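Working notes, beginning with the structure itself.
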Amino acid sequence: MLCSSAATFAFAVCVPEIGLAQRSPNGFGATAPAAPPPPSTGAVAENTEWRNYANGLDANRYSPLDQIRASNFNNLIVAWRFDAARFGPRAETNWESTPLLIKGRLYVTAGTRRDVICLDAITGELIWMHREDEGKRAQSAPRALSGRGVAFWTDGKAERIIYVTTAYRLISLDIATGVPDPSFGEKGGVDLKLNDDQKLDLETADIALQATPLVCNDVIVVGAAHSDGSAPAHILNAKGYVRGFDVRTGKRLWIFHTIPKKGEFGYDTWIVDGQGEKTGNAGSWCQMCADPELNLVYVGVELPTGDEVGLYRQGPALFGETLVALDVKTGKRKWHYQMVHHGLWDNDVPCAAMICDLPVAGKTVKAIAQPSKQAFLYVLNRETGEPIWPIPEVPRPAGDVPGEWYSPTQPIPTKPPPFDRQGVKDDDLIDFTPAINARAKEIADHYVRGDVFMPPTLSRYDGKWGTLGLPGAQGGCNWPGGAFDPETKISYVYSKTQPEVFGVVHRDGSDFEYVHSITLMPATAANALTGETTVPSELSGPLRPGNITVAGLPIVKPPYGRITALDLKDGSMAWQVAHGETPDNIKNHPLLKGLNIPRTGQAGIVGPLLTKTLVICGDPQNTTDANGRNTSWLRAYDKMTGKEVGAIPMSQGQTGTPVTYAVGGWQYIVLCIGNQPGYGSEMVAYRLRQV
């Protein structure tokens, strides 16, 4: 095993080859022998790779491999497991990384210190690791832990693995050894808190990144992430500018100000003078995509500070919740499309858009499809930013927060239809029994309700407790994003149906006069509330602001997790299915005893993998099966019909999005799993039994 050499700003440690035991906490899955011979029949003729986070810069998450198909999916076995517990001072429990496969080796970030590791793709053997010890700076960083993975670059001779550390430093490693490239930056690294057109405290500034960098046409594009913005500590947080760096030297080539400076395009969309200078955030924390031929990178931007109160960013305030097309070489804005004007719902652009060429009026159009937390898929011309189908500006109501600015309209796509529910109406409320439905309506009536983009409202214990909305602040769709089939022109998105209270309360002693937090309502007042009800005693008792469950059951109908297929040839919905087993707390709920509840799906944050014939996605959480086993499931669906055609048990729920590749005649599916209490996280590789 190779180990990186020490550096002035880092150290590398040779460690025992831990994590190579075929650990299976629940005993699921036979273990395949190491380095298996090629299959006797059905071997994949050529090795394939997975070179970017979503396979290509197009972010399609698609592979044409089909050795694994509907007829044999249930014959998958565990080829190897790799435990991340020893990478970092404590065990990582939510390993969100997606590995890259290049020339028979996997490259990925791992552990709470965000080490980079290289594994043999057939056996899971650790080949090398690289570690950065960043001390207090890493400990105070937002969006820490293992991150989403690494990027890859080659000019045909040199080959580099590139990633952003926990403490917001850009590192370039030699792919063969894991040793930092001495010609890149300072001894292999660039401090991203420097040369950012703002003064940032090197230890405490609220800025970092868990997404992977994007590399296109010899330029590394890096965004920024911050702490959660629902109730931020300060208005003037760090600004999340986007920058481009030379992939060979680490030299900064350009910077794009996501909060425009005076004189720049978009500055006048901040209608109160000086607010842009006094506000932070507006980072691009999600994955990006790019079109190398057009020389464009597509950057999704979050809100400026803060997420659900816009008193300090009056007006549409570009470039909040906007998809921006930038020239890769210069960083100049080519076009932008703002999906939410003056957002108040934390509808950050959550993931990379999918690049797709679509038939429109008899011609092939270069398009781009952006999934969103609000459950719209925005389909635009990627050369111009113009919508493929009409997206009219629709009047939306104002709220009641003093001093707030409300956009009179919001853009509402006419096609495709929303891929999840929007707003909470009476028909959306849980109705397993009449009594449960009555209690759900009793709770819901304490909130303002309406259609999509119903604004947050003041929370008053003696009035309405805020706005009850769908989707919640985590989506809809979230950071794993969707998948697109370049052959059929169908996109696939996992989304979760989880309502949220958008309530605004006054807060003293803070930069913010108002914040979004139902928990800040006076506790004595909340505890004194008692609902008048005629339903059975187990459904009666106190009603409390922010508790939007019916005796622990979600207040809205299932499914709570779903996969939706949207046909982008005509903007229609091809199919939609519940994804994920019914959670134990629903299956075993005493109020549902004796009832036949169809599979509800699971609310979580997972993403699909798309192959020649299948959509593959894992359950986000464990449940108890008919044999008493506590397990999760990796599921395969027929990509044309949505019919589930296979499912294999996993010891823990999916935390990282699956990849697939072929090496040595075998097709592998690899993903990170975790989130099971009492266990850490591990990467698991599957292949077929001998065929």
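Residues are named by chain letter and number: chains run A, B, ... in the order of the structure tokens, numbers start at 1 in each chain, and ligands are numbered from 1 in the order shown.
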
Wanna dump the stretch 166-212 of chain A-stretch 273-282 of chain A contacts at 12 Å for me, each residue with its shortest atom pair and the distance in Å to one decimal, counting only C-alpha atoms, ordered by chain and number, as JSON lines?
```
{"residue": "A:Gln198", "atom": "CA", "partner": "A:Gly280", "partner_atom": "CA", "distance": 10.7}
{"residue": "A:Leu200", "atom": "CA", "partner": "A:Gly280", "partner_atom": "CA", "distance": 11.8}
{"residue": "A:Ala205", "atom": "CA", "partner": "A:Gly280", "partner_atom": "CA", "distance": 11.4}
{"residue": "A:Asp206", "atom": "CA", "partner": "A:Asn281", "partner_atom": "CA", "distance": 9.0}
{"residue": "A:Ile207", "atom": "CA", "partner": "A:Asn281", "partner_atom": "CA", "distance": 8.5}
{"residue": "A:Ala208", "atom": "CA", "partner": "A:Asn281", "partner_atom": "CA", "distance": 11.1}
```

Filtered DSSP result for stretch 565-595 of chain A, state alpha helix (DSSP H), as a VMD selection string: chain A and resid 584 to 587

Can you work out which one of A:Gly300, A:Gly178, A:Gly149, A:Gly656 has the shortest atom-to-atom distance to A:Pro480, counting only C-alpha atoms? A:Gly656

Any chance you could tabulate, as CSV, the residues of stretch 632-664 of chain A at most 9 Å from stretch 603-614 of chain A with each one's nearest atom pair and distance in Å to one decimal, using only C-alpha atoms, in chain and rising number order?
```
residue,atom,partner,partner_atom,distance
A:Ala636,CA,A:Leu614,CA,6.1
A:Tyr637,CA,A:Leu614,CA,5.5
A:Asp638,CA,A:Leu614,CA,5.1
A:Lys639,CA,A:Leu614,CA,5.0
A:Met640,CA,A:Thr613,CA,7.9
A:Val645,CA,A:Leu614,CA,8.7
A:Gln654,CA,A:Val606,CA,6.7
A:Thr655,CA,A:Val606,CA,6.5
A:Gly656,CA,A:Val606,CA,7.1
A:Thr657,CA,A:Gly607,CA,5.2
A:Pro658,CA,A:Leu609,CA,5.8
A:Val659,CA,A:Leu609,CA,6.5
A:Thr660,CA,A:Leu609,CA,8.0
```

Name all residues at most 9 Å from A:Gly552 (count only C-alpha atoms; drop same-chain ones fewer than 2 positions away) and give them as a PyMOL selection string. chain A and resi 548-550+554-555+585-586+589

Output N, CA and C atoms of each residue in that selection to a file, as a short mmCIF file (atom, residue, chain, number, x, y, z; two decimals), in the first residue's frame.
```cif
data_model
loop_
_atom_site.label_atom_id
_atom_site.label_comp_id
_atom_site.auth_asym_id
_atom_site.auth_seq_id
_atom_site.Cartn_x
_atom_site.Cartn_y
_atom_site.Cartn_z
N ILE A 548 -46.60 18.45 13.68
CA ILE A 548 -47.55 18.21 12.59
C ILE A 548 -47.65 16.72 12.28
N THR A 549 -47.80 15.94 13.35
CA THR A 549 -48.08 14.51 13.22
C THR A 549 -49.38 14.20 13.93
N VAL A 550 -49.98 13.10 13.53
CA VAL A 550 -51.19 12.59 14.17
C VAL A 550 -50.77 11.37 14.99
N PRO A 554 -47.33 10.81 10.01
CA PRO A 554 -47.25 12.04 9.21
C PRO A 554 -48.65 12.59 8.93
N ILE A 555 -48.77 13.90 8.92
CA ILE A 555 -50.09 14.52 8.77
C ILE A 555 -50.63 14.38 7.35
N ASN A 585 -42.61 2.51 12.28
CA ASN A 585 -43.51 3.29 13.13
C ASN A 585 -44.90 3.46 12.51
N ILE A 586 -45.00 3.22 11.20
CA ILE A 586 -46.31 3.22 10.54
C ILE A 586 -46.89 1.81 10.50
N HIS A 589 -48.09 0.85 14.03
CA HIS A 589 -48.81 1.85 14.82
C HIS A 589 -50.12 1.28 15.33
#
```

Two-atom distance - atom CA of A:Asp346, atom CA of A:His516 (Å): 10.5 Å

Work out how far atom CA of A:Cys351 is from atom CA of A:Cys477, in Å to one decimal. 8.2 Å

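Of the listed residues (A:Ile490, A:Cys617, A:Val515, A:Ala435), A:Ala435 comes nearest to A:Ala551; the distances count only C-alpha atoms.
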
Between atom CA of A:Glu186 and atom CA of A:Asp201 lies a distance of 19.2 Å

Exercise: A:Leu119 partners within 6 Å, only C-alpha atoms, chain neighbours under 5 positions left out, as number ranges by chain: A: 105-106, 124-127

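Non-sequential neighbours of A:Asp400 (distance at most 12 Å, separation of 5 or more positions within a chain, only C-alpha atoms) are Val309, Trp405, Tyr406, Val448, Met454, Pro455, Pro456, Thr457, Leu458, Ser459, Arg460, Lys464, Gly466, Thr467, Gly503, Val504, Val505 and Tyr514 of chain A.
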
Write out, as a short mmCIF file (atom, residue, chain, number, x, y, z; two decimals), in the first residue's frame, the residues just selected, with N, CA and C atoms.
```cif
data_model
loop_
_atom_site.label_atom_id
_atom_site.label_comp_id
_atom_site.auth_asym_id
_atom_site.auth_seq_id
_atom_site.Cartn_x
_atom_site.Cartn_y
_atom_site.Cartn_z
N VAL A 309 -36.53 34.51 5.91
CA VAL A 309 -36.84 35.90 6.20
C VAL A 309 -36.02 36.76 5.25
N TRP A 405 -40.69 42.01 2.03
CA TRP A 405 -41.01 42.27 0.63
C TRP A 405 -41.46 40.96 0.00
N TYR A 406 -42.58 40.97 -0.68
CA TYR A 406 -43.13 39.76 -1.28
C TYR A 406 -43.18 39.94 -2.80
N VAL A 448 -51.99 28.49 8.30
CA VAL A 448 -52.34 29.01 6.98
C VAL A 448 -51.96 27.94 5.96
N MET A 454 -46.97 29.57 -0.97
CA MET A 454 -47.72 30.29 0.06
C MET A 454 -46.69 30.77 1.09
N PRO A 455 -46.57 32.07 1.33
CA PRO A 455 -45.43 32.58 2.11
C PRO A 455 -45.51 32.23 3.59
N PRO A 456 -44.35 32.21 4.27
CA PRO A 456 -44.35 32.08 5.72
C PRO A 456 -45.16 33.20 6.35
N THR A 457 -45.81 32.91 7.47
CA THR A 457 -46.63 33.89 8.17
C THR A 457 -46.21 33.96 9.62
N LEU A 458 -46.61 35.04 10.28
CA LEU A 458 -46.30 35.19 11.69
C LEU A 458 -46.93 34.07 12.50
N SER A 459 -46.16 33.50 13.41
CA SER A 459 -46.67 32.44 14.29
C SER A 459 -47.16 33.07 15.58
N ARG A 460 -48.44 32.87 15.87
CA ARG A 460 -49.03 33.41 17.09
C ARG A 460 -49.74 32.28 17.81
N LYS A 464 -53.00 31.84 14.08
CA LYS A 464 -52.39 30.82 13.23
C LYS A 464 -50.94 30.61 13.65
N GLY A 466 -48.42 29.66 11.80
CA GLY A 466 -47.51 29.71 10.67
C GLY A 466 -48.18 29.14 9.44
N THR A 467 -47.38 28.87 8.41
CA THR A 467 -47.88 28.31 7.16
C THR A 467 -47.45 26.85 7.07
N GLY A 503 -42.99 29.26 9.70
CA GLY A 503 -43.51 30.24 10.64
C GLY A 503 -42.43 31.22 11.04
N VAL A 504 -42.78 32.48 11.19
CA VAL A 504 -41.82 33.53 11.51
C VAL A 504 -42.17 34.12 12.87
N VAL A 505 -41.16 34.27 13.71
CA VAL A 505 -41.36 34.84 15.04
C VAL A 505 -40.35 35.95 15.29
N TYR A 514 -36.67 39.23 12.94
CA TYR A 514 -37.56 38.09 12.78
C TYR A 514 -36.76 36.90 12.26
#
```

Just the residues within 12 Å of A:Phe319, please, counting only C-alpha atoms, with nothing from its chain fewer than 2 positions along; format it as a PyMOL selection string. chain A and resi 239-242+256-261+264-270+276+280-284+299-304+313+315-317+321-325+333+335-343+348-349
